[in-house]
file protein_16.cif (mmCIF, N, CA and C atoms)
data_run
loop_
_atom_site.group_PDB
_atom_site.id
_atom_site.type_symbol
_atom_site.label_atom_id
_atom_site.label_comp_id
_atom_site.auth_asym_id
_atom_site.auth_seq_id
_atom_site.Cartn_x
_atom_site.Cartn_y
_atom_site.Cartn_z
ATOM 1 N N MET O 20 61.090 157.858 133.469
ATOM 2 C CA MET O 20 62.221 157.001 133.196
ATOM 3 C C MET O 20 62.112 155.758 134.069
ATOM 4 N N LYS O 21 62.228 154.601 133.445
ATOM 5 C CA LYS O 21 62.136 153.359 134.189
ATOM 6 C C LYS O 21 63.488 152.989 134.767
ATOM 7 N N LYS O 22 63.472 152.425 135.949
ATOM 8 C CA LYS O 22 64.690 151.940 136.570
ATOM 9 C C LYS O 22 64.664 150.427 136.558
ATOM 10 N N TYR O 23 65.794 149.833 136.241
ATOM 11 C CA TYR O 23 65.916 148.384 136.219
ATOM 12 C C TYR O 23 66.992 147.960 137.192
ATOM 13 N N GLN O 24 66.770 146.833 137.802
ATOM 14 C CA GLN O 24 67.737 146.299 138.742
ATOM 15 C C GLN O 24 68.270 144.999 138.177
ATOM 16 N N LEU O 25 69.571 144.869 138.141
ATOM 17 C CA LEU O 25 70.204 143.656 137.659
ATOM 18 C C LEU O 25 70.697 142.870 138.858
ATOM 19 N N GLU O 26 70.241 141.644 138.958
ATOM 20 C CA GLU O 26 70.679 140.785 140.042
ATOM 21 C C GLU O 26 71.568 139.706 139.464
ATOM 22 N N ILE O 27 72.724 139.527 140.049
ATOM 23 C CA ILE O 27 73.661 138.507 139.589
ATOM 24 C C ILE O 27 73.818 137.484 140.700
ATOM 25 N N TYR O 28 73.675 136.217 140.331
ATOM 26 C CA TYR O 28 73.785 135.147 141.293
ATOM 27 C C TYR O 28 75.043 134.343 140.991
ATOM 28 N N CYS O 29 75.718 133.972 142.017
ATOM 29 C CA CYS O 29 76.909 133.150 141.867
ATOM 30 C C CYS O 29 76.791 131.990 142.844
ATOM 31 N N ILE O 30 77.040 130.798 142.342
ATOM 32 C CA ILE O 30 76.999 129.646 143.229
ATOM 33 C C ILE O 30 78.283 128.854 143.061
ATOM 34 N N GLU O 31 78.635 128.137 144.094
ATOM 35 C CA GLU O 31 79.717 127.186 144.010
ATOM 36 C C GLU O 31 79.082 125.818 144.053
ATOM 37 N N ALA O 32 79.367 125.021 143.047
ATOM 38 C CA ALA O 32 78.722 123.721 142.963
ATOM 39 C C ALA O 32 79.684 122.698 142.402
ATOM 40 N N GLU O 33 79.484 121.485 142.828
ATOM 41 C CA GLU O 33 80.261 120.378 142.297
ATOM 42 C C GLU O 33 79.544 119.851 141.061
ATOM 43 N N VAL O 34 80.246 119.794 139.954
ATOM 44 C CA VAL O 34 79.654 119.356 138.696
ATOM 45 C C VAL O 34 79.795 117.845 138.579
ATOM 46 N N HIS O 35 78.697 117.183 138.186
ATOM 47 C CA HIS O 35 78.657 115.739 138.057
ATOM 48 C C HIS O 35 78.641 115.332 136.591
ATOM 49 N N GLU O 36 79.299 114.260 136.282
ATOM 50 C CA GLU O 36 79.326 113.666 134.944
ATOM 51 C C GLU O 36 79.862 114.647 133.917
ATOM 52 N N ARG O 37 79.864 114.209 132.670
ATOM 53 C CA ARG O 37 80.337 115.056 131.581
ATOM 54 C C ARG O 37 79.280 116.051 131.139
ATOM 55 N N LEU O 38 78.043 115.808 131.462
ATOM 56 C CA LEU O 38 76.958 116.657 130.986
ATOM 57 C C LEU O 38 76.730 117.883 131.855
ATOM 58 N N ASN O 39 77.577 118.092 132.838
ATOM 59 C CA ASN O 39 77.496 119.269 133.705
ATOM 60 C C ASN O 39 76.184 119.350 134.472
ATOM 61 N N TRP O 40 75.992 118.415 135.345
ATOM 62 C CA TRP O 40 74.839 118.406 136.242
ATOM 63 C C TRP O 40 75.316 118.808 137.630
ATOM 64 N N VAL O 41 74.448 119.519 138.346
ATOM 65 C CA VAL O 41 74.781 120.053 139.662
ATOM 66 C C VAL O 41 73.718 119.581 140.657
ATOM 67 N N ASP O 42 74.137 119.252 141.875
ATOM 68 C CA ASP O 42 73.183 118.889 142.922
ATOM 69 C C ASP O 42 72.305 120.102 143.204
ATOM 70 N N TYR O 43 70.975 119.900 143.220
ATOM 71 C CA TYR O 43 70.094 121.066 143.358
ATOM 72 C C TYR O 43 70.167 121.711 144.730
ATOM 73 N N ASP O 44 70.742 121.062 145.718
ATOM 74 C CA ASP O 44 70.947 121.715 147.009
ATOM 75 C C ASP O 44 71.984 122.833 146.900
ATOM 76 N N ASP O 45 72.881 122.745 145.896
ATOM 77 C CA ASP O 45 73.898 123.778 145.707
ATOM 78 C C ASP O 45 73.336 125.040 145.054
ATOM 79 N N VAL O 46 72.131 124.965 144.511
ATOM 80 C CA VAL O 46 71.542 126.096 143.798
ATOM 81 C C VAL O 46 70.940 127.108 144.768
ATOM 82 N N GLU O 47 70.693 126.705 145.983
ATOM 83 C CA GLU O 47 70.163 127.581 147.027
ATOM 84 C C GLU O 47 68.768 128.113 146.705
ATOM 85 N N LEU O 48 67.967 127.293 146.064
ATOM 86 C CA LEU O 48 66.553 127.578 145.853
ATOM 87 C C LEU O 48 65.764 126.436 146.470
ATOM 88 N N PRO O 49 64.554 126.708 146.924
ATOM 89 C CA PRO O 49 63.755 125.630 147.525
ATOM 90 C C PRO O 49 63.521 124.481 146.536
ATOM 91 N N ARG O 50 63.656 123.265 147.041
ATOM 92 C CA ARG O 50 63.500 122.070 146.210
ATOM 93 C C ARG O 50 62.140 122.033 145.543
ATOM 94 N N GLU O 51 61.093 122.401 146.285
ATOM 95 C CA GLU O 51 59.744 122.380 145.736
ATOM 96 C C GLU O 51 59.613 123.323 144.544
ATOM 97 N N MET O 52 60.263 124.479 144.633
ATOM 98 C CA MET O 52 60.214 125.450 143.547
ATOM 99 C C MET O 52 60.935 124.897 142.312
ATOM 100 N N LEU O 53 62.083 124.267 142.532
ATOM 101 C CA LEU O 53 62.819 123.673 141.417
ATOM 102 C C LEU O 53 62.013 122.565 140.757
ATOM 103 N N LEU O 54 61.307 121.782 141.569
ATOM 104 C CA LEU O 54 60.487 120.706 141.003
ATOM 105 C C LEU O 54 59.317 121.274 140.194
ATOM 106 N N LYS O 55 58.727 122.389 140.662
ATOM 107 C CA LYS O 55 57.665 123.045 139.887
ATOM 108 C C LYS O 55 58.201 123.553 138.561
ATOM 109 N N MET O 56 59.406 124.117 138.593
ATOM 110 C CA MET O 56 60.019 124.603 137.361
ATOM 111 C C MET O 56 60.294 123.445 136.397
ATOM 112 N N ALA O 57 60.708 122.326 136.947
ATOM 113 C CA ALA O 57 60.958 121.145 136.110
ATOM 114 C C ALA O 57 59.653 120.651 135.494
ATOM 115 N N ASP O 58 58.574 120.669 136.268
ATOM 116 C CA ASP O 58 57.263 120.249 135.748
ATOM 117 C C ASP O 58 56.797 121.143 134.600
ATOM 118 N N GLN O 59 57.168 122.417 134.645
ATOM 119 C CA GLN O 59 56.761 123.370 133.608
ATOM 120 C C GLN O 59 57.730 123.396 132.423
ATOM 121 N N GLY O 60 58.820 122.644 132.520
ATOM 122 C CA GLY O 60 59.780 122.585 131.417
ATOM 123 C C GLY O 60 60.803 123.700 131.414
ATOM 124 N N ILE O 61 60.910 124.426 132.513
ATOM 125 C CA ILE O 61 61.884 125.514 132.597
ATOM 126 C C ILE O 61 63.286 124.955 132.760
ATOM 127 N N ILE O 62 63.418 123.936 133.595
ATOM 128 C CA ILE O 62 64.720 123.314 133.859
ATOM 129 C C ILE O 62 64.590 121.801 133.740
ATOM 130 N N ASP O 63 65.741 121.138 133.608
ATOM 131 C CA ASP O 63 65.787 119.678 133.601
ATOM 132 C C ASP O 63 66.382 119.202 134.914
ATOM 133 N N ILE O 64 65.695 118.258 135.538
ATOM 134 C CA ILE O 64 66.186 117.644 136.768
ATOM 135 C C ILE O 64 66.238 116.141 136.556
ATOM 136 N N LYS O 65 67.328 115.545 137.024
ATOM 137 C CA LYS O 65 67.498 114.095 136.967
ATOM 138 C C LYS O 65 67.904 113.646 138.366
ATOM 139 N N GLY O 66 66.985 113.007 139.069
ATOM 140 C CA GLY O 66 67.269 112.630 140.457
ATOM 141 C C GLY O 66 67.406 113.877 141.310
ATOM 142 N N ARG O 67 68.573 114.052 141.896
ATOM 143 C CA ARG O 67 68.858 115.240 142.699
ATOM 144 C C ARG O 67 69.703 116.252 141.932
ATOM 145 N N LEU O 68 69.840 116.051 140.627
ATOM 146 C CA LEU O 68 70.734 116.889 139.834
ATOM 147 C C LEU O 68 69.956 117.781 138.875
ATOM 148 N N ILE O 69 70.454 118.988 138.712
ATOM 149 C CA ILE O 69 69.896 119.949 137.767
ATOM 150 C C ILE O 69 70.989 120.256 136.742
ATOM 151 N N ARG O 70 70.588 120.434 135.490
ATOM 152 C CA ARG O 70 71.569 120.794 134.464
ATOM 153 C C ARG O 70 72.189 122.133 134.820
ATOM 154 N N ALA O 71 73.506 122.200 134.773
ATOM 155 C CA ALA O 71 74.219 123.413 135.162
ATOM 156 C C ALA O 71 73.819 124.600 134.300
ATOM 157 N N ASP O 72 73.567 124.364 132.999
ATOM 158 C CA ASP O 72 73.203 125.479 132.133
ATOM 159 C C ASP O 72 71.760 125.922 132.329
ATOM 160 N N HIS O 73 71.002 125.232 133.171
ATOM 161 C CA HIS O 73 69.630 125.624 133.454
ATOM 162 C C HIS O 73 69.490 126.423 134.752
ATOM 163 N N ILE O 74 70.568 126.582 135.469
ATOM 164 C CA ILE O 74 70.516 127.359 136.709
ATOM 165 C C ILE O 74 70.144 128.811 136.399
ATOM 166 N N GLY O 75 70.740 129.361 135.369
ATOM 167 C CA GLY O 75 70.409 130.727 134.959
ATOM 168 C C GLY O 75 68.953 130.861 134.557
ATOM 169 N N ARG O 76 68.426 129.824 133.879
ATOM 170 C CA ARG O 76 67.006 129.832 133.495
ATOM 171 C C ARG O 76 66.116 129.875 134.732
ATOM 172 N N ALA O 77 66.502 129.153 135.773
ATOM 173 C CA ALA O 77 65.709 129.139 137.004
ATOM 174 C C ALA O 77 65.647 130.535 137.613
ATOM 175 N N TYR O 78 66.782 131.206 137.668
ATOM 176 C CA TYR O 78 66.803 132.554 138.237
ATOM 177 C C TYR O 78 66.076 133.556 137.342
ATOM 178 N N LYS O 79 66.171 133.384 136.021
ATOM 179 C CA LYS O 79 65.420 134.251 135.112
ATOM 180 C C LYS O 79 63.920 134.080 135.332
ATOM 181 N N ALA O 80 63.490 132.830 135.508
ATOM 182 C CA ALA O 80 62.068 132.566 135.760
ATOM 183 C C ALA O 80 61.619 133.257 137.044
ATOM 184 N N LEU O 81 62.456 133.230 138.059
ATOM 185 C CA LEU O 81 62.107 133.907 139.314
ATOM 186 C C LEU O 81 62.036 135.420 139.129
ATOM 187 N N ARG O 82 62.940 135.978 138.318
ATOM 188 C CA ARG O 82 62.883 137.424 138.060
ATOM 189 C C ARG O 82 61.628 137.783 137.284
ATOM 190 N N LEU O 83 61.262 136.959 136.289
ATOM 191 C CA LEU O 83 60.020 137.210 135.550
ATOM 192 C C LEU O 83 58.822 137.162 136.486
ATOM 193 N N ARG O 84 58.876 136.220 137.403
ATOM 194 C CA ARG O 84 57.773 136.049 138.358
ATOM 195 C C ARG O 84 57.680 137.237 139.310
ATOM 196 N N SER O 85 58.809 137.663 139.845
ATOM 197 C CA SER O 85 58.768 138.750 140.832
ATOM 198 C C SER O 85 58.601 140.123 140.183
ATOM 199 N N SER O 86 59.216 140.337 139.030
ATOM 200 C CA SER O 86 59.148 141.653 138.387
ATOM 201 C C SER O 86 57.855 141.877 137.619
ATOM 202 N N LEU O 87 57.403 140.831 136.896
ATOM 203 C CA LEU O 87 56.253 140.998 136.015
ATOM 204 C C LEU O 87 55.017 140.233 136.468
ATOM 205 N N GLY O 88 55.156 139.426 137.507
ATOM 206 C CA GLY O 88 54.018 138.650 137.982
ATOM 207 C C GLY O 88 53.663 137.479 137.086
ATOM 208 N N VAL O 89 54.617 137.026 136.303
ATOM 209 C CA VAL O 89 54.394 135.920 135.368
ATOM 210 C C VAL O 89 54.454 134.601 136.145
ATOM 211 N N ASN O 90 53.497 133.690 135.858
ATOM 212 C CA ASN O 90 53.563 132.381 136.507
ATOM 213 C C ASN O 90 54.602 131.515 135.798
ATOM 214 N N PHE O 91 54.864 130.312 136.325
ATOM 215 C CA PHE O 91 55.910 129.469 135.762
ATOM 216 C C PHE O 91 55.572 129.003 134.347
ATOM 217 N N SER O 92 54.318 128.810 134.040
ATOM 218 C CA SER O 92 53.935 128.430 132.673
ATOM 219 C C SER O 92 54.292 129.543 131.697
ATOM 220 N N GLY O 93 53.967 130.764 132.069
ATOM 221 C CA GLY O 93 54.303 131.914 131.237
ATOM 222 C C GLY O 93 55.802 132.114 131.139
ATOM 223 N N ALA O 94 56.503 131.912 132.243
ATOM 224 C CA ALA O 94 57.959 132.055 132.246
ATOM 225 C C ALA O 94 58.603 131.035 131.315
ATOM 226 N N ALA O 95 58.069 129.818 131.292
ATOM 227 C CA ALA O 95 58.610 128.781 130.408
ATOM 228 C C ALA O 95 58.488 129.213 128.954
ATOM 229 N N ILE O 96 57.347 129.765 128.587
ATOM 230 C CA ILE O 96 57.132 130.223 127.218
ATOM 231 C C ILE O 96 58.069 131.380 126.889
ATOM 232 N N ILE O 97 58.168 132.336 127.789
ATOM 233 C CA ILE O 97 59.033 133.498 127.568
ATOM 234 C C ILE O 97 60.483 133.066 127.423
ATOM 235 N N LEU O 98 60.947 132.177 128.288
ATOM 236 C CA LEU O 98 62.338 131.731 128.227
ATOM 237 C C LEU O 98 62.620 130.957 126.948
ATOM 238 N N ASP O 99 61.676 130.133 126.510
ATOM 239 C CA ASP O 99 61.855 129.408 125.254
ATOM 240 C C ASP O 99 61.934 130.377 124.074
ATOM 241 N N LEU O 100 61.087 131.393 124.082
ATOM 242 C CA LEU O 100 61.126 132.391 123.013
ATOM 243 C C LEU O 100 62.434 133.189 123.037
ATOM 244 N N LEU O 101 62.895 133.549 124.219
ATOM 245 C CA LEU O 101 64.171 134.267 124.324
ATOM 246 C C LEU O 101 65.327 133.414 123.810
ATOM 247 N N ASP O 102 65.312 132.117 124.140
ATOM 248 C CA ASP O 102 66.347 131.212 123.634
ATOM 249 C C ASP O 102 66.304 131.134 122.113
ATOM 250 N N ARG O 103 65.107 131.076 121.564
ATOM 251 C CA ARG O 103 64.967 130.998 120.111
ATOM 252 C C ARG O 103 65.463 132.284 119.452
ATOM 253 N N ILE O 104 65.131 133.415 120.023
ATOM 254 C CA ILE O 104 65.610 134.692 119.489
ATOM 255 C C ILE O 104 67.137 134.737 119.526
ATOM 256 N N GLU O 105 67.715 134.276 120.617
ATOM 257 C CA GLU O 105 69.173 134.271 120.741
ATOM 258 C C GLU O 105 69.809 133.382 119.664
ATOM 259 N N ARG O 106 69.238 132.188 119.448
ATOM 260 C CA ARG O 106 69.765 131.286 118.409
ATOM 261 C C ARG O 106 69.640 131.912 117.025
ATOM 262 N N LEU O 107 68.508 132.553 116.744
ATOM 263 C CA LEU O 107 68.313 133.192 115.451
ATOM 264 C C LEU O 107 69.278 134.359 115.257
ATOM 265 N N ASN O 108 69.519 135.130 116.300
ATOM 266 C CA ASN O 108 70.480 136.229 116.217
ATOM 267 C C ASN O 108 71.892 135.710 115.960
ATOM 268 N N GLU O 109 72.256 134.607 116.609
ATOM 269 C CA GLU O 109 73.569 134.002 116.375
ATOM 270 C C GLU O 109 73.697 133.522 114.938
ATOM 271 N N GLU O 110 72.641 132.904 114.433
ATOM 272 C CA GLU O 110 72.654 132.428 113.051
ATOM 273 C C GLU O 110 72.770 133.598 112.081
ATOM 274 N N LEU O 111 72.038 134.662 112.337
ATOM 275 C CA LEU O 111 72.102 135.848 111.493
ATOM 276 C C LEU O 111 73.508 136.447 111.500
ATOM 277 N N GLU O 112 74.102 136.523 112.674
ATOM 278 C CA GLU O 112 75.456 137.074 112.796
ATOM 279 C C GLU O 112 76.463 136.207 112.045
ATOM 280 N N GLN O 113 76.325 134.890 112.117
ATOM 281 C CA GLN O 113 77.214 133.994 111.378
ATOM 282 C C GLN O 113 77.080 134.211 109.876
ATOM 283 N N ARG O 114 75.860 134.373 109.404
ATOM 284 C CA ARG O 114 75.642 134.609 107.976
ATOM 285 C C ARG O 114 76.199 135.958 107.537
ATOM 286 N N ARG O 115 76.080 136.954 108.401
ATOM 287 C CA ARG O 115 76.643 138.261 108.069
ATOM 288 C C ARG O 115 78.162 138.183 107.939
ATOM 289 N N ARG O 116 78.798 137.476 108.887
ATOM 290 C CA ARG O 116 80.250 137.319 108.834
ATOM 291 C C ARG O 116 80.683 136.545 107.597
ATOM 292 N N LYS O 117 79.879 135.574 107.216
ATOM 293 C CA LYS O 117 80.203 134.733 106.069
ATOM 294 C C LYS O 117 80.206 135.540 104.775
ATOM 295 N N TYR O 118 79.294 136.507 104.651
ATOM 296 C CA TYR O 118 79.170 137.291 103.421
ATOM 297 C C TYR O 118 79.898 138.628 103.476
ATOM 298 N N ASP O 119 80.569 138.917 104.565
ATOM 299 C CA ASP O 119 81.350 140.178 104.653
ATOM 300 C C ASP O 119 82.735 139.995 104.104
#

call {"tool": "encode", "arguments": {"input": "protein_16.cif", "output": "structure tokens"}}
result
Amino acid sequence: MKKYQLEIYCIEAEVHERLNWVDYDDVELPREMLLKMADQGIIDIKGRLIRADHIGRAYKALRLRSSLGVNFSGAAIILDLLDRIERLNEELEQRRRKYD
């Protein structure tokens, strides 16, 4: 039987602009690591700001890296595929509701 550990991260951050950007110092991850993730397309960074909805992606990438040994390039692909699966599942659910 496999055991899984769920890690939940909570941060307090000041949100900038209407697009929900957060200063990356509030994310409590090393700046260099965040910049590597941005280079791989895992997260979006603008100046010193990271998109608030990408904070979870950053932590997911770290879990993939620590749990499965996946590098950031692989994590970017996995996260993009997971996002696509989620969108397709939402679309399927909407269509099911529409025809029920």

call {"tool": "resolve_selection", "arguments": {"input": "protein_16.cif", "expression": "the PyMOL selection byres (((chain O and resi 71-85 and name CA) around 7) and name CA)", "output": "short mmCIF file (atom, residue, chain, number, x, y, z; two decimals) with N, CA and C atoms, keeping the file's coordinate frame"}}
result
data_model
loop_
_atom_site.label_atom_id
_atom_site.label_comp_id
_atom_site.auth_asym_id
_atom_site.auth_seq_id
_atom_site.Cartn_x
_atom_site.Cartn_y
_atom_site.Cartn_z
N ASN O 39 77.58 118.09 132.84
CA ASN O 39 77.50 119.27 133.71
C ASN O 39 76.18 119.35 134.47
N TRP O 40 75.99 118.42 135.34
CA TRP O 40 74.84 118.41 136.24
C TRP O 40 75.32 118.81 137.63
N VAL O 41 74.45 119.52 138.35
CA VAL O 41 74.78 120.05 139.66
C VAL O 41 73.72 119.58 140.66
N ILE O 61 60.91 124.43 132.51
CA ILE O 61 61.88 125.51 132.60
C ILE O 61 63.29 124.96 132.76
N ILE O 62 63.42 123.94 133.60
CA ILE O 62 64.72 123.31 133.86
C ILE O 62 64.59 121.80 133.74
N ILE O 69 70.45 118.99 138.71
CA ILE O 69 69.90 119.95 137.77
C ILE O 69 70.99 120.26 136.74
N ARG O 70 70.59 120.43 135.49
CA ARG O 70 71.57 120.79 134.46
C ARG O 70 72.19 122.13 134.82
N SER O 86 59.22 140.34 139.03
CA SER O 86 59.15 141.65 138.39
C SER O 86 57.86 141.88 137.62
N LEU O 87 57.40 140.83 136.90
CA LEU O 87 56.25 141.00 136.01
C LEU O 87 55.02 140.23 136.47
N GLY O 88 55.16 139.43 137.51
CA GLY O 88 54.02 138.65 137.98
C GLY O 88 53.66 137.48 137.09
N VAL O 89 54.62 137.03 136.30
CA VAL O 89 54.39 135.92 135.37
C VAL O 89 54.45 134.60 136.15
N ASN O 90 53.50 133.69 135.86
CA ASN O 90 53.56 132.38 136.51
C ASN O 90 54.60 131.51 135.80
N PHE O 91 54.86 130.31 136.32
CA PHE O 91 55.91 129.47 135.76
C PHE O 91 55.57 129.00 134.35
N ALA O 94 56.50 131.91 132.24
CA ALA O 94 57.96 132.06 132.25
C ALA O 94 58.60 131.04 131.32
#

call {"tool": "select_by_dssp", "arguments": {"input": "protein_16.cif", "residues": "chain O", "states": "strand (DSSP E or B)", "output": "list in words"}}
result
Val34, His35, Trp40, Val41, Asp42, Ile64, Lys65, Leu68, Ile69 and Arg70 of chain O

call {"tool": "write_last_selection", "arguments": {"input": "protein_16.cif", "atoms": "N, CA and C atoms", "output": "mmCIF file, in the coordinates of the input"}}
result
data_model
loop_
_atom_site.group_PDB
_atom_site.id
_atom_site.type_symbol
_atom_site.label_atom_id
_atom_site.label_comp_id
_atom_site.auth_asym_id
_atom_site.auth_seq_id
_atom_site.Cartn_x
_atom_site.Cartn_y
_atom_site.Cartn_z
ATOM 1 N N VAL O 34 80.246 119.794 139.954
ATOM 2 C CA VAL O 34 79.654 119.356 138.696
ATOM 3 C C VAL O 34 79.795 117.845 138.579
ATOM 4 N N HIS O 35 78.697 117.183 138.186
ATOM 5 C CA HIS O 35 78.657 115.739 138.057
ATOM 6 C C HIS O 35 78.641 115.332 136.591
ATOM 7 N N TRP O 40 75.992 118.415 135.345
ATOM 8 C CA TRP O 40 74.839 118.406 136.242
ATOM 9 C C TRP O 40 75.316 118.808 137.630
ATOM 10 N N VAL O 41 74.448 119.519 138.346
ATOM 11 C CA VAL O 41 74.781 120.053 139.662
ATOM 12 C C VAL O 41 73.718 119.581 140.657
ATOM 13 N N ASP O 42 74.137 119.252 141.875
ATOM 14 C CA ASP O 42 73.183 118.889 142.922
ATOM 15 C C ASP O 42 72.305 120.102 143.204
ATOM 16 N N ILE O 64 65.695 118.258 135.538
ATOM 17 C CA ILE O 64 66.186 117.644 136.768
ATOM 18 C C ILE O 64 66.238 116.141 136.556
ATOM 19 N N LYS O 65 67.328 115.545 137.024
ATOM 20 C CA LYS O 65 67.498 114.095 136.967
ATOM 21 C C LYS O 65 67.904 113.646 138.366
ATOM 22 N N LEU O 68 69.840 116.051 140.627
ATOM 23 C CA LEU O 68 70.734 116.889 139.834
ATOM 24 C C LEU O 68 69.956 117.781 138.875
ATOM 25 N N ILE O 69 70.454 118.988 138.712
ATOM 26 C CA ILE O 69 69.896 119.949 137.767
ATOM 27 C C ILE O 69 70.989 120.256 136.742
ATOM 28 N N ARG O 70 70.588 120.434 135.490
ATOM 29 C CA ARG O 70 71.569 120.794 134.464
ATOM 30 C C ARG O 70 72.189 122.133 134.820
#

call {"tool": "select_by_dssp", "arguments": {"input": "protein_16.cif", "residues": "chain O", "states": "alpha helix (DSSP H)", "output": "number ranges by chain"}}
result
O: 50-58, 74-87, 91-118

call {"tool": "atom_distance", "arguments": {"input": "protein_16.cif", "atom1": "atom N of O:Leu101", "atom2": "atom CA of O:Glu51"}}
result
24.4 Å

call {"tool": "atom_distance", "arguments": {"input": "protein_16.cif", "atom1": "atom N of O:Gln59", "atom2": "atom C of O:Leu107"}}
result
25.8 Å

call {"tool": "resolve_selection", "arguments": {"input": "protein_16.cif", "expression": "the PyMOL selection byres ((chain O and resi 43) around 8)", "output": "JSON, numbers by chain"}}
result
{"O": [40, 41, 42, 44, 45, 46, 47, 48, 49, 50, 53, 66, 67, 68, 69, 70]}

call {"tool": "write_last_selection", "arguments": {"input": "protein_16.cif", "atoms": "N, CA and C atoms", "output": "mmCIF file, in the frame of the given file"}}
result
data_model
loop_
_atom_site.group_PDB
_atom_site.id
_atom_site.type_symbol
_atom_site.label_atom_id
_atom_site.label_comp_id
_atom_site.auth_asym_id
_atom_site.auth_seq_id
_atom_site.Cartn_x
_atom_site.Cartn_y
_atom_site.Cartn_z
ATOM 1 N N TRP O 40 75.992 118.415 135.345
ATOM 2 C CA TRP O 40 74.839 118.406 136.242
ATOM 3 C C TRP O 40 75.316 118.808 137.630
ATOM 4 N N VAL O 41 74.448 119.519 138.346
ATOM 5 C CA VAL O 41 74.781 120.053 139.662
ATOM 6 C C VAL O 41 73.718 119.581 140.657
ATOM 7 N N ASP O 42 74.137 119.252 141.875
ATOM 8 C CA ASP O 42 73.183 118.889 142.922
ATOM 9 C C ASP O 42 72.305 120.102 143.204
ATOM 10 N N ASP O 44 70.742 121.062 145.718
ATOM 11 C CA ASP O 44 70.947 121.715 147.009
ATOM 12 C C ASP O 44 71.984 122.833 146.900
ATOM 13 N N ASP O 45 72.881 122.745 145.896
ATOM 14 C CA ASP O 45 73.898 123.778 145.707
ATOM 15 C C ASP O 45 73.336 125.040 145.054
ATOM 16 N N VAL O 46 72.131 124.965 144.511
ATOM 17 C CA VAL O 46 71.542 126.096 143.798
ATOM 18 C C VAL O 46 70.940 127.108 144.768
ATOM 19 N N GLU O 47 70.693 126.705 145.983
ATOM 20 C CA GLU O 47 70.163 127.581 147.027
ATOM 21 C C GLU O 47 68.768 128.113 146.705
ATOM 22 N N LEU O 48 67.967 127.293 146.064
ATOM 23 C CA LEU O 48 66.553 127.578 145.853
ATOM 24 C C LEU O 48 65.764 126.436 146.470
ATOM 25 N N PRO O 49 64.554 126.708 146.924
ATOM 26 C CA PRO O 49 63.755 125.630 147.525
ATOM 27 C C PRO O 49 63.521 124.481 146.536
ATOM 28 N N ARG O 50 63.656 123.265 147.041
ATOM 29 C CA ARG O 50 63.500 122.070 146.210
ATOM 30 C C ARG O 50 62.140 122.033 145.543
ATOM 31 N N LEU O 53 62.083 124.267 142.532
ATOM 32 C CA LEU O 53 62.819 123.673 141.417
ATOM 33 C C LEU O 53 62.013 122.565 140.757
ATOM 34 N N GLY O 66 66.985 113.007 139.069
ATOM 35 C CA GLY O 66 67.269 112.630 140.457
ATOM 36 C C GLY O 66 67.406 113.877 141.310
ATOM 37 N N ARG O 67 68.573 114.052 141.896
ATOM 38 C CA ARG O 67 68.858 115.240 142.699
ATOM 39 C C ARG O 67 69.703 116.252 141.932
ATOM 40 N N LEU O 68 69.840 116.051 140.627
ATOM 41 C CA LEU O 68 70.734 116.889 139.834
ATOM 42 C C LEU O 68 69.956 117.781 138.875
ATOM 43 N N ILE O 69 70.454 118.988 138.712
ATOM 44 C CA ILE O 69 69.896 119.949 137.767
ATOM 45 C C ILE O 69 70.989 120.256 136.742
ATOM 46 N N ARG O 70 70.588 120.434 135.490
ATOM 47 C CA ARG O 70 71.569 120.794 134.464
ATOM 48 C C ARG O 70 72.189 122.133 134.820
#

call {"tool": "atom_distance", "arguments": {"input": "protein_16.cif", "atom1": "atom C of O:Asp58", "atom2": "atom C of O:Arg103"}}
result
20.7 Å

call {"tool": "closest_residue", "arguments": {"input": "protein_16.cif", "among": "O:Leu100, O:Ser92, O:Glu105, O:Leu111", "to": "O:Ala57", "atoms": "only C-alpha atoms"}}
result
O:Ser92
